[in-house]
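A short worksheet on the structure shown next.
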Amino acid sequence: MIKQDWLSIINPENEEIAKHRSQLRDLWTNQLILKDLEDNLNLQTICDYFIYLFREAFSSDSLPADEMRILALAGQIFANSLVLSDKLIDRQYIEFNVASLLGIQAKQFESYHLLYQIFPPNTTFWQRFRGYLSQYTQACLEENDFISGKRPWSEYTESVAIQSIRDRTGVAKTAIAGLVELAQEDKYLTQLEESISNFYVANQMLDDLRDWKEDLQTGIPSLLLSRLIDKSPHQYSQEELEELRKKLNHKIYYQGHANYVLELALKYLDQAEILKKELPELLWWNVTSKLRHKCQTLIEDIAGIVQKNLERAKKQPKFTLTPPAAASEWQQLSWDGLNFIIKQWQLGFGEARHIMVFAQEQGFSSSQEYQYGDVFQRALIADALCDVDEQLGGLLQPLLKEEVNYLLNCQRTTGIGGWSYFPDLPELSPDADDLAQIMQVLLRLGHGAEIVKFCETPLKFLLEDCAYPDGSFETWIIPKNQRTSEQENQAKWAKEAWGTGPDTDVIANLIYALWLYDSQRFSDQIKQGITYLESQQQADGSWLSSWYHGPYYGTYVCLRLLAATKPDSPAISRASNFLKTQQHSDGGWGLTEDSDSLSTALSLLGLAAVAKLGGGEENNNLATPALSFLQSCRQPDKAWENCQFICMELGRASGQVYQILSYGSRTITSTFVMKAANAWHQLSRQITS
């Protein structure tokens, strides 16, 4: 996406093009022409104004405005058809999508219809267009040979990869062919074609780095992956792919492969800007410079993150532990999870980090576009380790002490303090979920003085400035009055991007922390919060999770709270029944028809909270097959798979979600499995005794 400042030059043209586009709206069933375009109105892409980027390469009086608009609209629609084609070719649709195929046909028909209005059949434009399409077709067929296994990945050399990118994106050069035909000037035709090809090579290098995990999963070849593996990912089992993904993640960033493709991108950008001195006014250079900035920033960010990780791993205190022999199958699961988590601790919990891009061109102010957060994750891990430490008689205390120090050092140093999910992102305010999780860890480890020092201030603003009469409160902790400029900016981003309003999963977590902290002092807030949560229970007995995938995390934290504070709540039996009815035949739970380890662990934690109130035998009947499922999911290193956990809905604030960003990690899945297994180990001993 490009900022709107310099694009204002062509905005009047865009308005006219939008009028033309609206005229096509009712011509096709189900809006086959415009549906995909209109689904992304808030995302202005390069296709929307592509031809105008090259207008200054031609005489100003040789490009008729009406024909330019027709050419621009045809380019938008045709480019959108190729995006859909690429998705089908790359097998991103699990099932054959008839509507998408018909949409491609409709879009291409209208594109040709528009182009024939300005370019008669005998013009050179059509010869060039045919050539571009021929190259695109050949490149798609060759790439499919690598995807299907007809050609070995060992043949996907750098020269093959570069040529494939040039040919697949060559249709973009139709814009230049169209301008040349309209202006009857071909002086810069070849050089501009080369500029476009080189730009897309550079852009693909960046995309391949960002999307390598998806490419590995779907078997799509890229130069980056071909440097790391010599056979198609389709030749690996799913278990082998998971193991390979872990190895490649380290190799890409720590063995220079990421830097290689980014430096290659910069090299091709140099070649893309060959006309920059001769045509300095070309808007195209705004696009190439944006991409150059992204690549350079990413090189710097990767270097910084890698260096920090190496330094942190080097400074990490040594800690080893050999748990005693397991007293039950449940405890063996718990020990397996513990051993994996200790290994990850020794590595600085790099695998548990959530890394996201917050680009300056999107309005973010940080010079470090790649932000990473692990505060919430490490607070969850520390809480689970506290559970296990009770069984180990305090052997984990040295490790837990280090974790407390880490969490306290992650506190925000501006405004009201507190913690935020991405600590170094200025636009993100402290939040109630991080506060709740860290309070629980501090309380469990006896750090009352630290709670007073670090938690009281954000807690005060949360309960006074961010609370509602119905017992709910906002997730973002932003003062109502006398805000700093940073807090005003955070409020703006909360309203326009992150979303405002109460979130039941966060409220349940915070109310539970208040109950642990001082149930008498916060009795009113606890009572009102519970009443609110009871009112938010869904008809099926679950609770929605605003920030987490699926209903199981929200249901677990609500059950944990109610079992501890209001054991006679009717909501408990309804939630228990929900978990009972959602269990799959294999003993697990899942977000789809397939079970997964994280949903299963969260469901077991919810059932464990209820089992402590009585009726343990009935819940044990649900837990026993779940034990077998979790045992079957253990991977070779005795950890569990990476499952979707945190869910960030972009566009939530406006009510139109246009993208869902997900986070999960093997460390977090293994943490919840360890916690659930530990809980059921203790319950099973009570049931049998």
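Letters for chains follow the order of the structure tokens (A, B, ...), residue numbers begin at 1 for each chain, and ligand numbers begin at 1 in the order shown.
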TODO: Show which residues sit within 12 Å of Thr413 of chain A, as a list of chain:residue names. Count only C-alpha atoms, and ignore same-chain residues fewer than 4 positions away.
DONE: A:Leu408, A:Asn409, A:Gly417, A:Gly418, A:Trp419, A:Ser420, A:Pro423, A:Asp424, A:Pro426, A:Ser429, A:Pro430, A:Phe454
Open item on the list: For Lys173 of chain A, find every residue with an atom within 8 Å (counting only C-alpha atoms), except residues of its own chain fewer than 4 positions away, and show them as a ChimeraX atom specification.
Closed with: /A:132,177,193,196-197
Dump of N, CA, C and O atoms for the selected residues, as an mmCIF file, in the first residue's frame:
data_model
loop_
_atom_site.group_PDB
_atom_site.id
_atom_site.type_symbol
_atom_site.label_atom_id
_atom_site.label_comp_id
_atom_site.auth_asym_id
_atom_site.auth_seq_id
_atom_site.Cartn_x
_atom_site.Cartn_y
_atom_site.Cartn_z
ATOM 1 N N TYR A 132 3.074 -10.995 -23.846
ATOM 2 C CA TYR A 132 3.126 -10.998 -22.380
ATOM 3 C C TYR A 132 2.334 -12.173 -21.806
ATOM 4 O O TYR A 132 2.775 -12.852 -20.883
ATOM 5 N N ALA A 177 2.758 -0.878 -22.811
ATOM 6 C CA ALA A 177 2.356 -1.084 -24.206
ATOM 7 C C ALA A 177 1.138 -0.235 -24.554
ATOM 8 O O ALA A 177 1.046 0.318 -25.655
ATOM 9 N N GLU A 193 9.819 -1.458 -19.663
ATOM 10 C CA GLU A 193 9.488 -2.871 -19.490
ATOM 11 C C GLU A 193 10.489 -3.542 -18.558
ATOM 12 O O GLU A 193 10.119 -4.314 -17.659
ATOM 13 N N ILE A 196 9.950 -2.496 -14.908
ATOM 14 C CA ILE A 196 8.834 -3.213 -14.279
ATOM 15 C C ILE A 196 9.253 -4.636 -13.916
ATOM 16 O O ILE A 196 8.994 -5.116 -12.806
ATOM 17 N N SER A 197 9.911 -5.324 -14.834
ATOM 18 C CA SER A 197 10.350 -6.696 -14.568
ATOM 19 C C SER A 197 11.281 -6.751 -13.360
ATOM 20 O O SER A 197 11.134 -7.607 -12.475
#
TODO: Extract the full set of helix (DSSP H, G or I) residues from segment 157-373 of chain A according to DSSP on the backbone, and format it as a count of residues only.
DONE: 150
- [ ] Please indicate the distance in Å from atom CA of Lys294 of chain A to atom CA of Ser662 of chain A, rounded to one decimal place.
- [x]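 Separating atom CA of Lys294 of chain A from atom CA of Ser662 of chain A is a distance of 22.2 Å.
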Open item on the list: as a ChimeraX atom specification, please: every residue in segment 303-486 of chain A that DSSP puts in strand (DSSP E).
Closed with: /A:354-357,370-373
I need the residues from that last selection saved to file as a PDB file, in the first residue's frame (with all heavy atoms), if you can.
ATOM      1  N   HIS A 354       5.896 -13.502  19.086  1.00  0.00           N
ATOM      2  CA  HIS A 354       4.993 -13.106  18.003  1.00  0.00           C
ATOM      3  C   HIS A 354       5.631 -11.919  17.301  1.00  0.00           C
ATOM      4  O   HIS A 354       5.823 -10.862  17.897  1.00  0.00           O
ATOM      5  CB  HIS A 354       3.627 -12.719  18.566  1.00  0.00           C
ATOM      6  CG  HIS A 354       2.586 -12.501  17.507  1.00  0.00           C
ATOM      7  ND1 HIS A 354       1.276 -12.178  17.792  1.00  0.00           N
ATOM      8  CD2 HIS A 354       2.651 -12.568  16.146  1.00  0.00           C
ATOM      9  CE1 HIS A 354       0.600 -12.056  16.674  1.00  0.00           C
ATOM     10  NE2 HIS A 354       1.410 -12.276  15.663  1.00  0.00           N
ATOM     11  N   ILE A 355       5.982 -12.098  16.020  1.00  0.00           N
ATOM     12  CA  ILE A 355       6.633 -11.040  15.244  1.00  0.00           C
ATOM     13  C   ILE A 355       5.676 -10.556  14.172  1.00  0.00           C
ATOM     14  O   ILE A 355       5.105 -11.353  13.433  1.00  0.00           O
ATOM     15  CB  ILE A 355       7.943 -11.541  14.613  1.00  0.00           C
ATOM     16  CG1 ILE A 355       8.907 -12.044  15.697  1.00  0.00           C
ATOM     17  CG2 ILE A 355       8.604 -10.438  13.799  1.00  0.00           C
ATOM     18  CD1 ILE A 355      10.184 -12.646  15.158  1.00  0.00           C
ATOM     19  N   MET A 356       5.504  -9.242  14.097  1.00  0.00           N
ATOM     20  CA  MET A 356       4.612  -8.651  13.101  1.00  0.00           C
ATOM     21  C   MET A 356       5.245  -7.411  12.498  1.00  0.00           C
ATOM     22  O   MET A 356       6.107  -6.776  13.110  1.00  0.00           O
ATOM     23  CB  MET A 356       3.262  -8.281  13.728  1.00  0.00           C
ATOM     24  CG  MET A 356       2.313  -9.439  13.903  1.00  0.00           C
ATOM     25  SD  MET A 356       0.681  -8.885  14.475  1.00  0.00           S
ATOM     26  CE  MET A 356       0.172  -7.841  13.095  1.00  0.00           C
ATOM     27  N   VAL A 357       4.790  -7.067  11.288  1.00  0.00           N
ATOM     28  CA  VAL A 357       5.269  -5.876  10.596  1.00  0.00           C
ATOM     29  C   VAL A 357       4.288  -4.734  10.838  1.00  0.00           C
ATOM     30  O   VAL A 357       3.088  -4.877  10.603  1.00  0.00           O
ATOM     31  CB  VAL A 357       5.402  -6.130   9.080  1.00  0.00           C
ATOM     32  CG1 VAL A 357       5.891  -4.870   8.375  1.00  0.00           C
ATOM     33  CG2 VAL A 357       6.354  -7.284   8.819  1.00  0.00           C
ATOM     34  N   TYR A 370       9.551  -4.176  12.237  1.00  0.00           N
ATOM     35  CA  TYR A 370       9.288  -5.519  12.758  1.00  0.00           C
ATOM     36  C   TYR A 370       9.254  -5.446  14.279  1.00  0.00           C
ATOM     37  O   TYR A 370      10.262  -5.187  14.935  1.00  0.00           O
ATOM     38  CB  TYR A 370      10.362  -6.500  12.293  1.00  0.00           C
ATOM     39  CG  TYR A 370      10.065  -7.094  10.942  1.00  0.00           C
ATOM     40  CD1 TYR A 370      10.164  -6.319   9.786  1.00  0.00           C
ATOM     41  CD2 TYR A 370       9.665  -8.413  10.801  1.00  0.00           C
ATOM     42  CE1 TYR A 370       9.882  -6.855   8.541  1.00  0.00           C
ATOM     43  CE2 TYR A 370       9.370  -8.956   9.555  1.00  0.00           C
ATOM     44  CZ  TYR A 370       9.483  -8.170   8.441  1.00  0.00           C
ATOM     45  OH  TYR A 370       9.191  -8.696   7.212  1.00  0.00           O
ATOM     46  N   GLN A 371       8.075  -5.640  14.824  1.00  0.00           N
ATOM     47  CA  GLN A 371       7.894  -5.616  16.269  1.00  0.00           C
ATOM     48  C   GLN A 371       7.695  -7.042  16.770  1.00  0.00           C
ATOM     49  O   GLN A 371       7.077  -7.863  16.096  1.00  0.00           O
ATOM     50  CB  GLN A 371       6.666  -4.774  16.637  1.00  0.00           C
ATOM     51  CG  GLN A 371       6.772  -3.308  16.274  1.00  0.00           C
ATOM     52  CD  GLN A 371       7.650  -2.534  17.240  1.00  0.00           C
ATOM     53  OE1 GLN A 371       7.777  -2.894  18.405  1.00  0.00           O
ATOM     54  NE2 GLN A 371       8.267  -1.468  16.749  1.00  0.00           N
ATOM     55  N   TYR A 372       8.231  -7.313  17.940  1.00  0.00           N
ATOM     56  CA  TYR A 372       7.991  -8.639  18.499  1.00  0.00           C
ATOM     57  C   TYR A 372       7.503  -8.515  19.931  1.00  0.00           C
ATOM     58  O   TYR A 372       7.864  -7.600  20.675  1.00  0.00           O
ATOM     59  CB  TYR A 372       9.231  -9.533  18.413  1.00  0.00           C
ATOM     60  CG  TYR A 372      10.449  -9.044  19.156  1.00  0.00           C
ATOM     61  CD1 TYR A 372      10.614  -9.299  20.515  1.00  0.00           C
ATOM     62  CD2 TYR A 372      11.459  -8.348  18.492  1.00  0.00           C
ATOM     63  CE1 TYR A 372      11.722  -8.867  21.199  1.00  0.00           C
ATOM     64  CE2 TYR A 372      12.584  -7.913  19.170  1.00  0.00           C
ATOM     65  CZ  TYR A 372      12.719  -8.182  20.519  1.00  0.00           C
ATOM     66  OH  TYR A 372      13.828  -7.752  21.192  1.00  0.00           O
ATOM     67  N   GLY A 373       6.636  -9.445  20.287  1.00  0.00           N
ATOM     68  CA  GLY A 373       6.083  -9.459  21.634  1.00  0.00           C
ATOM     69  C   GLY A 373       6.104 -10.858  22.218  1.00  0.00           C
ATOM     70  O   GLY A 373       5.767 -11.823  21.528  1.00  0.00           O
TER      71      GLY A 373
END
Task: For segment 207-221 of chain A: contacts at 6 Å, only C-alpha atoms, fewer than 5 positions along chain excluded, given as number ranges by chain - done: A: 147, 233-234
Store the residues of this selection in a file with N, CA and C atoms, as an mmCIF file, in the first residue's frame.
data_model
loop_
_atom_site.group_PDB
_atom_site.id
_atom_site.type_symbol
_atom_site.label_atom_id
_atom_site.label_comp_id
_atom_site.auth_asym_id
_atom_site.auth_seq_id
_atom_site.Cartn_x
_atom_site.Cartn_y
_atom_site.Cartn_z
ATOM 1 N N ILE A 147 5.707 -27.705 -8.767
ATOM 2 C CA ILE A 147 4.745 -27.964 -7.692
ATOM 3 C C ILE A 147 4.303 -29.421 -7.713
ATOM 4 N N PRO A 233 8.286 -29.965 -1.173
ATOM 5 C CA PRO A 233 7.694 -30.220 0.153
ATOM 6 C C PRO A 233 6.622 -31.289 0.139
ATOM 7 N N HIS A 234 6.015 -31.540 -1.042
ATOM 8 C CA HIS A 234 4.985 -32.571 -1.131
ATOM 9 C C HIS A 234 5.556 -33.966 -0.879
#
Open item on the list: Between atom CA of Glu143 of chain A and atom CA of His257 of chain A, what is the distance in Å, rounded to a tenth?
Closed with: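 Separation between atom CA of Glu143 of chain A and atom CA of His257 of chain A: 21.8 Å.
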Task: Selected residue of minimal separation from Leu133 of chain A among A:Ala72, A:Leu82, A:Ala623, A:Val388, counting only C-alpha atoms - done: A:Leu82
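Look at segment 530-536 of chain A: the protein and nucleic acid residues within 7 Å of it, using only C-alpha atoms and passing over chain neighbours fewer than 3 places away, are Asp470, Gly471, Ser472, Thr504, Ile526, Lys527, Trp543 and Ala571 of chain A.
Among the candidates A:Val171, A:Ile104, A:Leu604, A:Ala359, the one nearest to Thr137 of chain A when counting only C-alpha atoms is A:Val171.
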